[in-house]
Amino acid sequence: RGVALIAHRHPLLGGTLDNKVVQTLARAFVELGYETWRPNFRGVGQTEGVHDEGRGELEDLAAVLSHIRKEKFVLAGFSFGASLVAKLAEKQQPEWLVLIGVGITRIMAPAVPQGTLVIHGENDDTVPLAAVMDWARPQELPVVVVPGADHFFHRKLHILKALVHQNWK
């Protein structure tokens, strides 16, 4: 079907490509027929560089997308990574955009296209649901709230995967 580029949570807070939310997204997109890429941000794992407060990380995502570019691609992200792929989507126009626990309290996400799937945990204490609703409300953007879920969707990953499948375009 194309390529899915998936971005992880904040690198200074333990975010890596091995994060369970990121891996769940990758599995969902593979099952939908996408080739998935989930790179580490600069300074994470064995990557070079140091954290650049979102600027360099956004450039890195754009470079990866340019390298793997196919006609159809999806952008997805978790937390900090969700804010970054929302910024990338402003210039790249993905087939679909999926934002999980969008980290608007650390790096503001721009307005996103209608049809973007936004999923947030009811009990997220890292990025409060109220902040996400304040961001989504002026866009008239629906937010899927997972009852009882925290920021990391402990014991709720199956719901994330199902929501991606159910909402796939």
# chains A, B, ... in the order shown; residues from 1 in each chain; ligands from 1

call {"tool": "closest_atom_pairs", "arguments": {"of": "segment 39-82 of chain A", "to": "segment 108-128 of chain A", "cutoff": "12 Å", "atoms": "only C-alpha atoms", "output": "tab-separated table"}}
result
residue	atom	partner	partner_atom	distance
A:Glu53	CA	A:Met108	CA	11.6
A:Gly54	CA	A:Met108	CA	10.3
A:Val74	CA	A:Thr116	CA	10.5
A:Leu75	CA	A:Thr116	CA	10.0
A:Ala76	CA	A:Leu117	CA	9.2
A:Gly77	CA	A:Val118	CA	10.1
A:Phe78	CA	A:Ile119	CA	9.6
A:Ser79	CA	A:Val127	CA	8.1
A:Phe80	CA	A:Met108	CA	9.2
A:Gly81	CA	A:Ala109	CA	10.1
A:Ala82	CA	A:Ala109	CA	8.0

call {"tool": "closest_atom_pairs", "arguments": {"of": "segment 54-153 of chain A", "to": "segment 27-38 of chain A", "cutoff": "9 Å", "atoms": "only C-alpha atoms", "output": "Markdown table"}}
result
| residue | atom | partner | partner_atom | distance |
| --- | --- | --- | --- | --- |
| A:Val64 | CA | A:Trp37 | CA | 8.6 |
| A:Ile68 | CA | A:Trp37 | CA | 8.7 |
| A:Phe73 | CA | A:Tyr34 | CA | 8.4 |
| A:Val74 | CA | A:Tyr34 | CA | 8.6 |

call {"tool": "write_last_selection", "arguments": {"atoms": "C-alpha atoms", "output": "PDB file, in the first residue's frame"}}
result
ATOM      1  CA  VAL A  64      13.960   9.674   6.229  1.00  0.00           C
ATOM      2  CA  ILE A  68      11.942   6.054   1.537  1.00  0.00           C
ATOM      3  CA  PHE A  73       2.624   7.223   2.752  1.00  0.00           C
ATOM      4  CA  VAL A  74       1.211   7.512   6.236  1.00  0.00           C
TER       5      VAL A  74
END

call {"tool": "select_by_dssp", "arguments": {"residues": "chain A", "states": "strand (DSSP E or B)", "output": "ChimeraX atom specification"}}
result
/A:2-7,34-37,73-78,96-100,117-121,144-146

call {"tool": "atom_distance", "arguments": {"atom1": "atom CA of Leu157 of chain A", "atom2": "atom CA of Val132 of chain A"}}
result
19.7 Å
